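Peer 1: Just dropping this structure here.
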Amino acid sequence: MEKSIYKSLIQMIQKVQGIGNCFPESAKIEIELPRQEAFGDLSTPLAMTLSKILRRKPREIAEEIIKLIDNKHVFEKIEIAGPGFINFTFSRTFIAEKLAELLNNADDCLKTNIGSGRKIQIEFVSANPTGPLHLGHGRGAALGGALSNLLKETGYQVVNEYYINDAGRQVKLLGLSVYARYRQLEDESYPFPEDGYKGDYIFDLAAEFARTNTKNSHIQNIADEFAKNTNKELISSLDKDELIAAITDFSYKKMLEDIKTDLESFGVVFDVWQSEKELFQKTEDRQQTAEDSKTMQQHGSTRASADGTSEVKRAIDDLRERGYIYEKDGALWFSSTSFGDDKDRVIVKNDGEYTYFASDIAYHRHKIEQKYDELIDIWGADHHGYIPRINSVIEALGYPKEKLRVLLVQMVTLLRAGVPVQMSKRSGEFITLKEVMDEIGPDTTRFLFLTRRPDSQLEIDIEVAKSQSQENPVYYVQYAHARINSIFEKAKETGAVELGTDAVSGAGLHSVKLPDFDPALFNDEEMRLIKKLLIYPMILKNAAIAHEPHRITFYLQELAAMFHPYYHRNRVVSEDRELTVARLNICKAVQIVLRHGFQILGVNAPDRM
RNA sequence: GCCCCCUUAGCUCAGUCGGAUAGAGCACAGGUUUCCUAAACCUGGGGCCAGAGGUUCGAAUCCUCUAGGGGGCACCA
């Protein structure tokens, strides 16, 4: 059930269209939030749009529409302005009714249902488990997490998924890098792979491997023994390949753990962690225990000949049956040009190895088979050239390419005091998401990402972010929330209004049943504040449709920017009981909306600051 | 060479499917606390929406070109 004022107006106009019978179906009803208060609460350029179609003057059409709506209960004023805008101003009683609905049944009021239960999967972050998450991943995580929450609140069933690239050369290289550092613990001259990962965390992994052990497999037992007795004779007696396999397994699992931990403290939770490696395994193998030592030995073995009935194989067979696979120059190709890609793409190289694209085909086919209505991939902008070929896959598999929507987040350039910091895992010089969270806090970090459009490049100066932390926008909004809490504490303390015993802090406030208010007591500033609250579902809806959570961030800032001045000008808790009740109702409503918005953004709503 | 994104106040950025007189924050200058949190509030200056054409009732928004910044063009991942 839709309760927003926005919806009410749309429905009313739709009814008009029915009655009038002169409005073509094709005319879209646009409802806007006027920039200026003089233009009312909501506005539509409908008459001007119709003017083109009907070849009549916009003002004449506007007159007719107004006559047909004529609802004194809902509208205090309907005016035609400018070239033909129709401006609606809601009546005080209607606004009061809507406020009461918000207070008494927030869940219904704030929940829109544009998704109507459709299943949607969002895949994001999906960083290779070969190093810590950096700031760019953080941006993707912030967007994905917020979008996921937003879509859940607007009627979708959402699944968050992380794709783990644990099968390719990068993980192998991680293992070799850690192995080299491990050997260097004993022998400093041991050569380090030329293109290995040079970050400090590689040393940490090597050291930790030497320290700890797991008990699951033969190889790990050897490694354990090795860790306890670091003498050179033992090194030479070991099967090097087995040791490397053990180290590789240890390293990427540890990295993945760290990534999970970072994401959790960042407030992002994934429902599914999909392993790329699994896509290469035979179905039977996958039903066995995942901790099997066999799994480890398969690192990097993405050879086409050894895959049995893996997902990858089935995906390729599927495409072959559809006629989009051919052989050339000893390699296997997918004819993505059939669907508008620039060139065809190799999926099995002439040395028999699969390309990354092969598992990506299998992965997206796998996703589609989960019966999602819609798939969203969030990628870094550096992968944009990949979009045509993955769209080709979707179409080749017989689905409309709209099934998948790829959202790009632009690059994050990190500065420290104005100087760009190079970010490369290979060179080892980069700022991790964790470091930034430690310095400026997860809330600020998320807010920072979510106050920008995803498709604009973002420069973050870590020094500036730190120095601004006292006057940070996130504190501004959080403070409004905390402040309302404190008002309620005051109200309870002074006994101005009867509140339940557990009603003061945190979730308790939400369950407070306030006495009814008298709308006649609201001043102009309060009316504006309430109207701002009632517009929130419209913001949610538009943000969800556009897949742009940052609109909520801006809305919350605007709301806080209305509340703080209001607080300064109007004493909430006073001798006047009726007035106090009326104002407490408004405060509670503001807090409900703030809390809801914070929840979507994944930012804390503190009771005290 | 081809493709994608960006260019709005000194700085960082919003600006809904093309709508009415383009907005915030920061920074800067000044002011506010016997009173529910001063992480707040109030007042002030700030703009050729990169440039040039076009589309129309109307353009920061759409199209073309130019300039500048970033990214991408593998049998790498």
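Ligands are numbered from 1 in the order shown, residues from 1 within each chain, and chains are lettered A, B, ... in the order they appear in the structure tokens.
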Just the residues within 7 Å of Asp41 in chain A, please, counting only C-alpha atoms (C1' of nucleotides), with nothing from its chain fewer than 5 positions along; format it as a ChimeraX atom specification.
Peer 2: /A:33-34,88-90
Peer 1: Env of U43 in chain B: 12 Å cut, atoms = only C-alpha atoms (C1' of nucleotides), seq-sep filter 3 positions within chain, self excluded. Answer as a list of chain:residue names.
Peer 2: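 Returned residues: B:A29, B:G30, B:G31, B:U32.
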Peer 1: Could you write out as JSON, numbers by chain the residues of chain A within 8 Å of chain B, counting only C-alpha atoms (C1' of nucleotides)?
Peer 2: {"A": [30, 32, 45, 82, 83, 168, 169, 170, 331, 346, 348, 349, 350, 355, 356, 381, 382, 383, 384, 385, 410, 411, 451, 452, 455, 456, 457, 470, 471, 473, 475, 476, 479, 483, 486, 487, 488, 490, 491, 542, 554, 564, 565, 568, 571, 572, 573, 609]}
Peer 1: Counting only C-alpha atoms, which of A:Asn149, A:Thr432, A:Thr309, A:Thr261 gets nearest to Tyr201 in chain A?
Peer 2: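 Smallest distance to Tyr201 in chain A is found for A:Thr432.
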Peer 1: May I have all residues of range 330-415 of chain A that DSSP, computed from the backbone, assigns to alpha helix (DSSP H), given as a list in words?
Peer 2: Tyr356, Phe357, Ala358, Ser359, Asp360, Ile361, Ala362, Tyr363, His364, Arg365, His366, Lys367, Ile368, Glu369, Ile387, Pro388, Arg389, Ile390, Asn391, Ser392, Val393, Ile394, Glu395 and Ala396 of chain A
Peer 1: Would you export the selected residues with C-alpha atoms as a PDB file, in the first residue's frame, please?
Peer 2:
```pdb
ATOM      1  CA  TYR A 356      39.710 -15.335 -17.448  1.00  0.00           C
ATOM      2  CA  PHE A 357      36.861 -14.591 -19.816  1.00  0.00           C
ATOM      3  CA  ALA A 358      35.997 -18.290 -19.971  1.00  0.00           C
ATOM      4  CA  SER A 359      35.269 -18.493 -16.273  1.00  0.00           C
ATOM      5  CA  ASP A 360      33.438 -15.213 -16.504  1.00  0.00           C
ATOM      6  CA  ILE A 361      31.138 -16.683 -19.099  1.00  0.00           C
ATOM      7  CA  ALA A 362      30.529 -19.640 -16.825  1.00  0.00           C
ATOM      8  CA  TYR A 363      30.036 -17.369 -13.866  1.00  0.00           C
ATOM      9  CA  HIS A 364      27.419 -15.209 -15.539  1.00  0.00           C
ATOM     10  CA  ARG A 365      25.647 -18.223 -16.896  1.00  0.00           C
ATOM     11  CA  HIS A 366      25.682 -19.644 -13.396  1.00  0.00           C
ATOM     12  CA  LYS A 367      24.173 -16.430 -12.060  1.00  0.00           C
ATOM     13  CA  ILE A 368      21.429 -16.414 -14.657  1.00  0.00           C
ATOM     14  CA  GLU A 369      20.537 -19.976 -13.816  1.00  0.00           C
ATOM     15  CA  ILE A 387      31.096  -4.535 -20.918  1.00  0.00           C
ATOM     16  CA  PRO A 388      30.407  -5.286 -24.608  1.00  0.00           C
ATOM     17  CA  ARG A 389      31.792  -8.785 -24.376  1.00  0.00           C
ATOM     18  CA  ILE A 390      29.908  -9.690 -21.219  1.00  0.00           C
ATOM     19  CA  ASN A 391      26.721  -8.287 -22.714  1.00  0.00           C
ATOM     20  CA  SER A 392      27.426 -10.507 -25.704  1.00  0.00           C
ATOM     21  CA  VAL A 393      27.516 -13.498 -23.393  1.00  0.00           C
ATOM     22  CA  ILE A 394      24.131 -12.664 -21.931  1.00  0.00           C
ATOM     23  CA  GLU A 395      22.618 -12.350 -25.383  1.00  0.00           C
ATOM     24  CA  ALA A 396      24.359 -15.422 -26.735  1.00  0.00           C
TER      25      ALA A 396
END
```
Peer 1: Hey, what's within 10 Å of G10 in chain B if we count only C-alpha atoms (C1' of nucleotides) and toss same-chain stuff fewer than 3 positions away? As a list of chain:residue names, please?
Peer 2: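 Returned residues: B:A27, B:C28, B:G46.
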Peer 1: Take CA of Phe522 in chain A and CA of Ala480 in chain A and report the distance between them in Å, one decimal.
Peer 2: 20.1 Å
Peer 1: Could you find all residues in range 314-540 of chain A that DSSP calls strand (DSSP E or B) from the backbone, and write them as a VMD selection string?
Peer 2: chain A and resid 325 to 328 331 to 334 345 to 348 353 to 354 374 to 380 404 to 409 412 to 416 419 to 420 424 429 432 458 to 461
Peer 1: Separation of CA of Lys343 in chain A and CA of Ile316 in chain A, in Å?
Peer 2: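 Computing the Euclidean distance for CA of Lys343 in chain A and CA of Ile316 in chain A yields 18.1 Å.
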Peer 1: Can you tell me how far CA of Lys371 in chain A sits from CA of Glu278 in chain A, in Å to one decimal?
Peer 2: 19.5 Å
